[in-house]
Amino acid sequence: MAIMVTGGAGYIGSHTVAELLARGEEVVVVDNLQQGHRQAVLGGKLYEGDLRDQVFLDKVFQENKIEAVIHFAANSLVGESMKLPGKYYHNNVYGTLCLLEKMNEYGVGKIVFSSTAATYGEPENVPIQETDRTLPTNAYGETKLAMEKMMKWFDTAHGIKYVSLRYFNAAGAHESGKIGEDHNPETHLIPLILQVPLGQRSHITVFGNDYATSDGTCVRDYIHVSDLADAHVLAVEKLRRGEDSGIYNLGSGNGFSVNEVIEVARQVTGHPIPAVMEQRRAGDPAVLIASSERARAELGWQPKRDKLENIIASAWAWHQANPHGYAKA
């Protein structure tokens, strides 16, 4: 029996595929390669296609005995979602509907969903708890919340059990050095910082230094991508045990300010990395940290790579070896 990984050629998806393969699992990767990279898929069977294509999905389900699905496939840029909400509803929500309907048709009753802590919106508690209100402040978070709610009703109606994992900032690269983070456009802080010592930008921009934090810059939760991959595999195991559906936050338990991340990157790379201060961006909360106590207790999740120095060092090693991402010079 195989595990289908949608979006398995993407950043977190490819690391989860690598973890599944390391555990001897049969893996089927489904990706339209809109954002993913064929080179990031280290094994298994890769099907290039879109979840909204019914004929394509029939082919995948008919050619493989699928036991469970890990669902990463989604557009995920907050700014773009505010300009093009229709794109996000069509790809994220409708794509998930197509997937769930095919799962029901072919009798696949387990799905692990890569969600986001953006479902909470402005936090009412720090760290954020799973029981906190969900009030997204952008279309991206709203579509992810809609996807979660859809899974709830497919569970109620059809018994498709789900685990939804909510988290903020994935970072780092695989210990093998074979896969890492390559987005276009790049919006994540750590790879943007590393573009400075790579000679691809002159400085890193810091948006605001007047927040109510220790150094005035925003504080965020960073998780090594391989620790996130572990959590998704543990969620599959939970469903294999016949346990009920659930929602879990994933977090390192530690927040780091933008200035702290830049300083650690200076130490890791040995580069000065100039920082230029600009005005705050609209909608940036001061502190975003998620509590992972429930995931630790119920999934048995224990992050092993949670030191910021290790996260950045792994990212730096990959970017040095792949300064233009998966594109070959």
# chains A, B, ... in the order shown; residues from 1 in each chain; ligands from 1
$ residues_around --residues "Arg280 (chain A)" --least-positions-apart "2" --cutoff "12 Å" --atoms "only C-alpha atoms" --output "PyMOL selection string"
chain A and resi 205-211+216-218+277-278+282-286
$ write_last_selection --atoms "N, CA and C atoms" --output "JSON list (two decimals), in the first residue's frame"
[["chain", "number", "residue", "atom", "x", "y", "z"],
["A", 205, "THR", "N", 16.56, 43.45, 4.09],
["A", 205, "THR", "CA", 15.65, 44.50, 4.58],
["A", 205, "THR", "C", 14.91, 44.01, 5.82],
["A", 206, "VAL", "N", 14.88, 44.85, 6.83],
["A", 206, "VAL", "CA", 14.14, 44.56, 8.07],
["A", 206, "VAL", "C", 12.96, 45.53, 8.13],
["A", 207, "PHE", "N", 11.76, 44.97, 8.21],
["A", 207, "PHE", "CA", 10.56, 45.80, 8.19],
["A", 207, "PHE", "C", 10.09, 46.10, 9.62],
["A", 208, "GLY", "N", 10.58, 47.21, 10.15],
["A", 208, "GLY", "CA", 10.13, 47.66, 11.47],
["A", 208, "GLY", "C", 11.05, 47.25, 12.59],
["A", 209, "ASN", "N", 11.41, 48.23, 13.45],
["A", 209, "ASN", "CA", 12.20, 47.92, 14.64],
["A", 209, "ASN", "C", 11.61, 48.58, 15.88],
["A", 210, "ASP", "N", 10.28, 48.78, 15.83],
["A", 210, "ASP", "CA", 9.60, 49.43, 16.94],
["A", 210, "ASP", "C", 8.48, 48.57, 17.51],
["A", 211, "TYR", "N", 8.62, 47.25, 17.35],
["A", 211, "TYR", "CA", 7.63, 46.32, 17.92],
["A", 211, "TYR", "C", 7.92, 46.10, 19.41],
["A", 216, "GLY", "N", 12.90, 45.04, 19.25],
["A", 216, "GLY", "CA", 12.06, 45.86, 18.40],
["A", 216, "GLY", "C", 11.67, 45.23, 17.08],
["A", 217, "THR", "N", 12.28, 44.08, 16.73],
["A", 217, "THR", "CA", 11.92, 43.43, 15.47],
["A", 217, "THR", "C", 11.00, 42.24, 15.73],
["A", 218, "CYS", "N", 10.27, 41.83, 14.69],
["A", 218, "CYS", "CA", 9.27, 40.77, 14.84],
["A", 218, "CYS", "C", 9.90, 39.45, 15.29],
["A", 277, "MET", "N", 16.98, 49.07, 7.60],
["A", 277, "MET", "CA", 15.70, 49.17, 8.27],
["A", 277, "MET", "C", 14.71, 49.95, 7.41],
["A", 278, "GLU", "N", 13.50, 49.40, 7.30],
["A", 278, "GLU", "CA", 12.42, 50.11, 6.62],
["A", 278, "GLU", "C", 11.18, 50.09, 7.50],
["A", 282, "ALA", "N", 2.18, 46.37, 6.68],
["A", 282, "ALA", "CA", 0.84, 46.26, 7.24],
["A", 282, "ALA", "C", 0.52, 44.80, 7.57],
["A", 283, "GLY", "N", -0.04, 44.58, 8.76],
["A", 283, "GLY", "CA", -0.52, 43.25, 9.12],
["A", 283, "GLY", "C", 0.50, 42.32, 9.73],
["A", 284, "ASP", "N", 1.72, 42.80, 10.01],
["A", 284, "ASP", "CA", 2.73, 41.95, 10.64],
["A", 284, "ASP", "C", 2.58, 41.98, 12.16],
["A", 285, "PRO", "N", 2.10, 40.90, 12.80],
["A", 285, "PRO", "CA", 2.05, 40.88, 14.26],
["A", 285, "PRO", "C", 3.45, 40.89, 14.86],
["A", 286, "ALA", "N", 3.56, 41.35, 16.10],
["A", 286, "ALA", "CA", 4.86, 41.43, 16.75],
["A", 286, "ALA", "C", 5.45, 40.05, 17.02]]
$ closest_atom_pairs --of "region 189-256 of chain A" --to "region 290-308 of chain A" --cutoff "9 Å" --atoms "only C-alpha atoms" --output "JSON lines"
{"residue": "A:Asp221", "atom": "CA", "partner": "A:Ala290", "partner_atom": "CA", "distance": 7.2}
{"residue": "A:Tyr222", "atom": "CA", "partner": "A:Leu308", "partner_atom": "CA", "distance": 7.7}
{"residue": "A:Ile223", "atom": "CA", "partner": "A:Asp306", "partner_atom": "CA", "distance": 6.4}
{"residue": "A:His224", "atom": "CA", "partner": "A:Arg305", "partner_atom": "CA", "distance": 6.0}
{"residue": "A:Ser226", "atom": "CA", "partner": "A:Arg305", "partner_atom": "CA", "distance": 8.0}
{"residue": "A:Asp227", "atom": "CA", "partner": "A:Pro303", "partner_atom": "CA", "distance": 5.4}
{"residue": "A:Leu228", "atom": "CA", "partner": "A:Pro303", "partner_atom": "CA", "distance": 8.2}
{"residue": "A:Asp230", "atom": "CA", "partner": "A:Trp301", "partner_atom": "CA", "distance": 7.5}
{"residue": "A:Ala231", "atom": "CA", "partner": "A:Trp301", "partner_atom": "CA", "distance": 6.0}
{"residue": "A:Leu234", "atom": "CA", "partner": "A:Leu299", "partner_atom": "CA", "distance": 6.0}
{"residue": "A:Ala235", "atom": "CA", "partner": "A:Leu299", "partner_atom": "CA", "distance": 6.5}
{"residue": "A:Glu237", "atom": "CA", "partner": "A:Leu299", "partner_atom": "CA", "distance": 8.4}
{"residue": "A:Lys238", "atom": "CA", "partner": "A:Leu299", "partner_atom": "CA", "distance": 6.8}
{"residue": "A:Ile247", "atom": "CA", "partner": "A:Ala295", "partner_atom": "CA", "distance": 8.7}
{"residue": "A:Tyr248", "atom": "CA", "partner": "A:Ala295", "partner_atom": "CA", "distance": 5.6}
{"residue": "A:Asn249", "atom": "CA", "partner": "A:Ser292", "partner_atom": "CA", "distance": 5.2}
{"residue": "A:Leu250", "atom": "CA", "partner": "A:Ser292", "partner_atom": "CA", "distance": 4.9}
{"residue": "A:Gly251", "atom": "CA", "partner": "A:Ala290", "partner_atom": "CA", "distance": 5.2}
{"residue": "A:Ser252", "atom": "CA", "partner": "A:Asp306", "partner_atom": "CA", "distance": 6.1}
{"residue": "A:Gly253", "atom": "CA", "partner": "A:Ser291", "partner_atom": "CA", "distance": 6.3}
{"residue": "A:Asn254", "atom": "CA", "partner": "A:Asp306", "partner_atom": "CA", "distance": 8.6}
{"residue": "A:Phe256", "atom": "CA", "partner": "A:Leu308", "partner_atom": "CA", "distance": 8.4}
$ write_last_selection --atoms "N, CA, C and O atoms" --output "PDB file, in the first residue's frame"
ATOM      1  N   ASP A 221       8.521  31.834  14.886  1.00  0.00           N
ATOM      2  CA  ASP A 221       8.833  30.455  15.227  1.00  0.00           C
ATOM      3  C   ASP A 221       9.423  29.779  13.993  1.00  0.00           C
ATOM      4  O   ASP A 221       8.802  29.803  12.928  1.00  0.00           O
ATOM      5  N   TYR A 222      10.609  29.212  14.089  1.00  0.00           N
ATOM      6  CA  TYR A 222      11.247  28.523  12.959  1.00  0.00           C
ATOM      7  C   TYR A 222      11.399  27.045  13.287  1.00  0.00           C
ATOM      8  O   TYR A 222      11.859  26.685  14.361  1.00  0.00           O
ATOM      9  N   ILE A 223      11.015  26.192  12.337  1.00  0.00           N
ATOM     10  CA  ILE A 223      11.107  24.745  12.530  1.00  0.00           C
ATOM     11  C   ILE A 223      11.918  24.157  11.390  1.00  0.00           C
ATOM     12  O   ILE A 223      11.708  24.506  10.218  1.00  0.00           O
ATOM     13  N   HIS A 224      12.834  23.268  11.715  1.00  0.00           N
ATOM     14  CA  HIS A 224      13.602  22.606  10.662  1.00  0.00           C
ATOM     15  C   HIS A 224      12.650  21.774   9.806  1.00  0.00           C
ATOM     16  O   HIS A 224      11.791  21.053  10.324  1.00  0.00           O
ATOM     17  N   SER A 226      12.974  19.095   8.221  1.00  0.00           N
ATOM     18  CA  SER A 226      12.970  17.653   8.464  1.00  0.00           C
ATOM     19  C   SER A 226      12.182  17.292   9.717  1.00  0.00           C
ATOM     20  O   SER A 226      11.601  16.197   9.802  1.00  0.00           O
ATOM     21  N   ASP A 227      12.146  18.193  10.696  1.00  0.00           N
ATOM     22  CA  ASP A 227      11.279  17.974  11.860  1.00  0.00           C
ATOM     23  C   ASP A 227       9.814  18.052  11.453  1.00  0.00           C
ATOM     24  O   ASP A 227       8.962  17.308  11.976  1.00  0.00           O
ATOM     25  N   LEU A 228       9.492  18.947  10.519  1.00  0.00           N
ATOM     26  CA  LEU A 228       8.122  19.004  10.001  1.00  0.00           C
ATOM     27  C   LEU A 228       7.780  17.716   9.260  1.00  0.00           C
ATOM     28  O   LEU A 228       6.669  17.191   9.395  1.00  0.00           O
ATOM     29  N   ASP A 230       8.963  14.782   9.845  1.00  0.00           N
ATOM     30  CA  ASP A 230       8.717  13.772  10.877  1.00  0.00           C
ATOM     31  C   ASP A 230       7.287  13.852  11.401  1.00  0.00           C
ATOM     32  O   ASP A 230       6.615  12.830  11.589  1.00  0.00           O
ATOM     33  N   ALA A 231       6.805  15.073  11.634  1.00  0.00           N
ATOM     34  CA  ALA A 231       5.455  15.252  12.175  1.00  0.00           C
ATOM     35  C   ALA A 231       4.401  14.712  11.216  1.00  0.00           C
ATOM     36  O   ALA A 231       3.408  14.104  11.645  1.00  0.00           O
ATOM     37  N   LEU A 234       4.429  10.952  11.487  1.00  0.00           N
ATOM     38  CA  LEU A 234       3.806  10.545  12.749  1.00  0.00           C
ATOM     39  C   LEU A 234       2.289  10.682  12.688  1.00  0.00           C
ATOM     40  O   LEU A 234       1.553   9.880  13.297  1.00  0.00           O
ATOM     41  N   ALA A 235       1.800  11.682  11.964  1.00  0.00           N
ATOM     42  CA  ALA A 235       0.353  11.853  11.813  1.00  0.00           C
ATOM     43  C   ALA A 235      -0.250  10.698  11.018  1.00  0.00           C
ATOM     44  O   ALA A 235      -1.367  10.233  11.320  1.00  0.00           O
ATOM     45  N   GLU A 237       0.917   7.687  11.084  1.00  0.00           N
ATOM     46  CA  GLU A 237       0.903   6.574  12.040  1.00  0.00           C
ATOM     47  C   GLU A 237      -0.291   6.671  12.985  1.00  0.00           C
ATOM     48  O   GLU A 237      -0.893   5.652  13.346  1.00  0.00           O
ATOM     49  N   LYS A 238      -0.639   7.871  13.395  1.00  0.00           N
ATOM     50  CA  LYS A 238      -1.809   8.059  14.257  1.00  0.00           C
ATOM     51  C   LYS A 238      -3.070   7.536  13.571  1.00  0.00           C
ATOM     52  O   LYS A 238      -3.884   6.814  14.177  1.00  0.00           O
ATOM     53  N   ILE A 247      -6.444  18.206  15.110  1.00  0.00           N
ATOM     54  CA  ILE A 247      -5.694  19.370  14.645  1.00  0.00           C
ATOM     55  C   ILE A 247      -4.556  19.626  15.622  1.00  0.00           C
ATOM     56  O   ILE A 247      -4.759  19.627  16.843  1.00  0.00           O
ATOM     57  N   TYR A 248      -3.348  19.832  15.089  1.00  0.00           N
ATOM     58  CA  TYR A 248      -2.175  20.013  15.935  1.00  0.00           C
ATOM     59  C   TYR A 248      -1.335  21.187  15.447  1.00  0.00           C
ATOM     60  O   TYR A 248      -1.099  21.333  14.246  1.00  0.00           O
ATOM     61  N   ASN A 249      -0.891  21.992  16.392  1.00  0.00           N
ATOM     62  CA  ASN A 249       0.117  23.008  16.090  1.00  0.00           C
ATOM     63  C   ASN A 249       1.500  22.363  16.113  1.00  0.00           C
ATOM     64  O   ASN A 249       1.758  21.441  16.902  1.00  0.00           O
ATOM     65  N   LEU A 250       2.375  22.877  15.289  1.00  0.00           N
ATOM     66  CA  LEU A 250       3.779  22.467  15.324  1.00  0.00           C
ATOM     67  C   LEU A 250       4.622  23.718  15.539  1.00  0.00           C
ATOM     68  O   LEU A 250       4.480  24.697  14.803  1.00  0.00           O
ATOM     69  N   GLY A 251       5.476  23.680  16.537  1.00  0.00           N
ATOM     70  CA  GLY A 251       6.345  24.814  16.817  1.00  0.00           C
ATOM     71  C   GLY A 251       7.579  24.351  17.548  1.00  0.00           C
ATOM     72  O   GLY A 251       7.586  23.291  18.177  1.00  0.00           O
ATOM     73  N   SER A 252       8.615  25.141  17.470  1.00  0.00           N
ATOM     74  CA  SER A 252       9.856  24.791  18.161  1.00  0.00           C
ATOM     75  C   SER A 252       9.765  25.110  19.650  1.00  0.00           C
ATOM     76  O   SER A 252      10.551  24.628  20.444  1.00  0.00           O
ATOM     77  N   GLY A 253       8.794  25.966  20.009  1.00  0.00           N
ATOM     78  CA  GLY A 253       8.682  26.411  21.389  1.00  0.00           C
ATOM     79  C   GLY A 253       9.513  27.642  21.671  1.00  0.00           C
ATOM     80  O   GLY A 253       9.432  28.226  22.752  1.00  0.00           O
ATOM     81  N   ASN A 254      10.335  28.037  20.691  1.00  0.00           N
ATOM     82  CA  ASN A 254      11.182  29.215  20.851  1.00  0.00           C
ATOM     83  C   ASN A 254      10.940  30.182  19.701  1.00  0.00           C
ATOM     84  O   ASN A 254      10.840  29.769  18.548  1.00  0.00           O
ATOM     85  N   PHE A 256      12.357  33.597  17.612  1.00  0.00           N
ATOM     86  CA  PHE A 256      13.580  34.350  17.330  1.00  0.00           C
ATOM     87  C   PHE A 256      13.210  35.622  16.585  1.00  0.00           C
ATOM     88  O   PHE A 256      12.401  35.596  15.656  1.00  0.00           O
TER      89      PHE A 256
END
$ residues_around --residues "Ala117 (chain A)" --least-positions-apart "6" --cutoff "7 Å" --atoms "only C-alpha atoms" --output "CSV table (one decimal) with N, CA and C atoms, in the first residue's frame"
chain,number,residue,atom,x,y,z
A,166,ARG,N,-0.8,22.6,11.8
A,166,ARG,CA,-0.7,24.1,11.6
A,166,ARG,C,0.7,24.5,12.1
A,167,TYR,N,1.4,25.3,11.3
A,167,TYR,CA,2.7,25.8,11.7
A,167,TYR,C,3.1,27.0,10.9
A,168,PHE,N,4.1,27.7,11.3
A,168,PHE,CA,4.6,28.9,10.7
A,168,PHE,C,5.7,28.8,9.7
$ select_by_dssp --residues "region 112-195 of chain A" --states "strand (DSSP E or B)" --output "number ranges by chain"
A: 112-114, 121, 128, 135, 161-166, 169-171
$ residues_around --residues "region 67-80 of chain A" --least-positions-apart "4" --cutoff "8 Å" --atoms "only C-alpha atoms" --output "list of chain:residue names"
A:Met1, A:Ala2, A:Ile3, A:Met4, A:Val5, A:Thr6, A:Gly7, A:Gly8, A:Ile12, A:Gly13, A:Asp31, A:Leu84, A:Pro85, A:Tyr88, A:Asn91, A:Asn92, A:Val108, A:Gly109, A:Lys110, A:Ile111, A:Val112, A:Phe113, A:Ser114, A:Asn138, A:Ala139, A:Tyr140, A:Gly141, A:His232, A:Val236
$ closest_atom_pairs --of "region 35-78 of chain A" --to "region 170-185 of chain A" --cutoff "10 Å" --atoms "only C-alpha atoms" --output "CSV"
residue,atom,partner,partner_atom,distance
A:Gln35,CA,A:His183,CA,7.1
A:Gly36,CA,A:His183,CA,8.4
A:His37,CA,A:Asp182,CA,8.6
A:Gln39,CA,A:Ile179,CA,8.2
A:Ala40,CA,A:Ile179,CA,5.7
A:Val41,CA,A:Ile179,CA,8.5
A:Leu42,CA,A:Lys178,CA,8.3
A:Leu77,CA,A:Pro185,CA,9.4
$ write_last_selection --atoms "C-alpha atoms" --output "mmCIF file, in the first residue's frame"
data_model
loop_
_atom_site.group_PDB
_atom_site.id
_atom_site.type_symbol
_atom_site.label_atom_id
_atom_site.label_comp_id
_atom_site.auth_asym_id
_atom_site.auth_seq_id
_atom_site.Cartn_x
_atom_site.Cartn_y
_atom_site.Cartn_z
ATOM 1 C CA GLN A 35 6.226 25.490 -7.794
ATOM 2 C CA GLY A 36 7.800 22.092 -7.216
ATOM 3 C CA HIS A 37 10.962 20.655 -8.750
ATOM 4 C CA GLN A 39 14.932 17.095 -8.985
ATOM 5 C CA ALA A 40 13.587 17.360 -5.426
ATOM 6 C CA VAL A 41 11.792 14.004 -5.647
ATOM 7 C CA LEU A 42 14.342 11.473 -4.419
ATOM 8 C CA LEU A 77 1.909 33.400 -0.859
#
$ residues_around --residues "Ala313 (chain A)" --least-positions-apart "3" --cutoff "8 Å" --atoms "only C-alpha atoms" --output "ChimeraX atom specification"
/A:172,268-269,309-310,316-317
$ write_last_selection --atoms "N, CA and C atoms" --output "PDB file, in the first residue's frame"
ATOM      1  N   GLY A 172      15.712  25.481   6.760  1.00  0.00           N
ATOM      2  CA  GLY A 172      16.748  24.463   6.740  1.00  0.00           C
ATOM      3  C   GLY A 172      16.701  23.588   5.501  1.00  0.00           C
ATOM      4  N   VAL A 268      27.192  32.020  11.200  1.00  0.00           N
ATOM      5  CA  VAL A 268      27.280  30.770  10.438  1.00  0.00           C
ATOM      6  C   VAL A 268      28.041  30.967   9.139  1.00  0.00           C
ATOM      7  N   THR A 269      27.768  32.070   8.442  1.00  0.00           N
ATOM      8  CA  THR A 269      28.359  32.285   7.116  1.00  0.00           C
ATOM      9  C   THR A 269      29.702  33.008   7.153  1.00  0.00           C
ATOM     10  N   GLU A 309      21.085  27.813  15.040  1.00  0.00           N
ATOM     11  CA  GLU A 309      22.378  27.681  14.366  1.00  0.00           C
ATOM     12  C   GLU A 309      22.391  26.484  13.422  1.00  0.00           C
ATOM     13  N   ASN A 310      21.816  25.372  13.862  1.00  0.00           N
ATOM     14  CA  ASN A 310      21.783  24.172  13.035  1.00  0.00           C
ATOM     15  C   ASN A 310      20.864  24.347  11.831  1.00  0.00           C
ATOM     16  N   TRP A 316      22.473  26.988   4.738  1.00  0.00           N
ATOM     17  CA  TRP A 316      23.647  27.598   4.117  1.00  0.00           C
ATOM     18  C   TRP A 316      24.433  26.573   3.312  1.00  0.00           C
ATOM     19  N   ALA A 317      24.573  25.375   3.834  1.00  0.00           N
ATOM     20  CA  ALA A 317      25.303  24.331   3.110  1.00  0.00           C
ATOM     21  C   ALA A 317      24.621  24.024   1.778  1.00  0.00           C
TER      22      ALA A 317
END
$ closest_residue --among "A:Leu192, A:Leu288, A:Ala229, A:Met150" --to "Thr213 (chain A)" --atoms "only C-alpha atoms"
A:Leu288
$ select_by_dssp --residues "region 76-310 of chain A" --states "alpha helix (DSSP H)" --output "number ranges by chain"
A: 78-83, 85-88, 95-105, 139-158, 189-194, 225-240, 258-269, 293-298, 308-310
$ residues_around --residues "Asn104 (chain A)" --least-positions-apart "4" --cutoff "9 Å" --atoms "only C-alpha atoms" --output "PyMOL selection string"
chain A and resi 99-100+108-109+154+158-160
$ atom_distance --atom1 "CA of Glu26 (chain A)" --atom2 "CA of Gly44 (chain A)"
6.6 Å
$ closest_residue --among "A:Gln279, A:Gly121, A:Asn322, A:Ile193" --to "Ala265 (chain A)" --atoms "only C-alpha atoms"
A:Ile193
$ decode --residues "region 89-178 of chain A" --atoms "C-alpha atoms" --output "short mmCIF file (atom, residue, chain, number, x, y, z; two decimals), in the first residue's frame"
data_model
loop_
_atom_site.label_atom_id
_atom_site.label_comp_id
_atom_site.auth_asym_id
_atom_site.auth_seq_id
_atom_site.Cartn_x
_atom_site.Cartn_y
_atom_site.Cartn_z
CA TYR A 89 -9.93 29.40 -3.78
CA HIS A 90 -9.81 27.55 -7.09
CA ASN A 91 -6.46 25.82 -6.53
CA ASN A 92 -6.54 25.30 -2.77
CA VAL A 93 -10.21 24.75 -1.96
CA TYR A 94 -11.53 23.29 -5.21
CA GLY A 95 -8.38 21.19 -5.61
CA THR A 96 -8.93 19.73 -2.14
CA LEU A 97 -12.58 19.04 -2.92
CA CYS A 98 -11.57 17.09 -6.03
CA LEU A 99 -9.03 15.12 -3.99
CA LEU A 100 -11.46 14.28 -1.17
CA GLU A 101 -14.16 13.18 -3.61
CA LYS A 102 -11.72 10.81 -5.33
CA MET A 103 -10.50 9.50 -1.98
CA ASN A 104 -14.10 8.72 -1.08
CA GLU A 105 -14.74 7.12 -4.48
CA TYR A 106 -11.71 4.85 -4.17
CA GLY A 107 -12.11 4.05 -0.47
CA VAL A 108 -9.06 5.90 0.84
CA GLY A 109 -9.91 6.91 4.39
CA LYS A 110 -6.84 8.73 5.76
CA ILE A 111 -5.45 12.19 4.98
CA VAL A 112 -2.78 14.32 6.67
CA PHE A 113 -3.10 17.98 5.79
CA SER A 114 -0.26 20.50 5.73
CA SER A 115 -2.15 23.51 7.05
CA THR A 116 -0.89 26.79 8.47
CA ALA A 117 -0.96 28.80 11.66
CA ALA A 118 -2.24 31.63 9.43
CA THR A 119 -5.66 30.11 10.14
CA TYR A 120 -5.54 31.89 13.52
CA GLY A 121 -5.00 35.42 12.21
CA GLU A 122 -3.95 37.89 14.88
CA PRO A 123 -3.02 35.76 17.91
CA GLU A 124 -5.09 36.08 21.07
CA ASN A 125 -2.52 34.08 23.05
CA VAL A 126 1.23 33.58 22.78
CA PRO A 127 2.05 30.81 22.27
CA ILE A 128 -1.01 30.01 20.15
CA GLN A 129 -3.16 27.08 21.28
CA GLU A 130 -5.25 24.79 19.05
CA THR A 131 -8.36 25.95 20.91
CA ASP A 132 -7.77 29.62 20.05
CA ARG A 133 -10.17 31.32 17.65
CA THR A 134 -9.55 31.04 13.92
CA LEU A 135 -9.96 34.38 12.21
CA PRO A 136 -7.59 34.58 9.21
CA THR A 137 -6.45 38.02 8.07
CA ASN A 138 -5.62 36.98 4.50
CA ALA A 139 -7.13 34.90 1.72
CA TYR A 140 -4.41 32.26 1.96
CA GLY A 141 -5.21 31.52 5.61
CA GLU A 142 -8.93 31.62 4.83
CA THR A 143 -8.58 28.97 2.12
CA LYS A 144 -6.56 26.71 4.41
CA LEU A 145 -9.24 27.02 7.08
CA ALA A 146 -11.89 26.20 4.48
CA MET A 147 -9.90 23.09 3.52
CA GLU A 148 -9.80 21.99 7.16
CA LYS A 149 -13.55 22.47 7.53
CA MET A 150 -14.16 20.49 4.35
CA MET A 151 -12.17 17.59 5.81
CA LYS A 152 -14.24 17.74 8.97
CA TRP A 153 -17.46 17.27 7.00
CA PHE A 154 -16.00 14.52 4.80
CA ASP A 155 -15.09 12.76 8.05
CA THR A 156 -18.64 13.21 9.36
CA ALA A 157 -20.28 12.06 6.13
CA HIS A 158 -17.81 9.49 4.77
CA GLY A 159 -15.50 8.55 7.65
CA ILE A 160 -12.36 9.98 6.03
CA LYS A 161 -10.13 10.62 9.03
CA TYR A 162 -7.77 13.57 8.93
CA VAL A 163 -4.94 15.21 10.83
CA SER A 164 -4.34 18.89 10.19
CA LEU A 165 -0.92 20.31 11.08
CA ARG A 166 -0.65 24.07 11.64
CA TYR A 167 2.74 25.76 11.66
CA PHE A 168 4.55 28.94 10.67
CA ASN A 169 8.09 28.99 9.27
CA ALA A 170 9.79 25.97 7.80
CA ALA A 171 13.54 26.39 7.34
CA GLY A 172 16.75 24.46 6.74
CA ALA A 173 17.67 21.68 4.34
CA HIS A 174 17.97 17.89 4.31
CA GLU A 175 21.01 16.40 6.03
CA SER A 176 21.95 14.57 2.82
CA GLY A 177 22.44 17.91 1.07
CA LYS A 178 20.35 16.67 -1.86
#
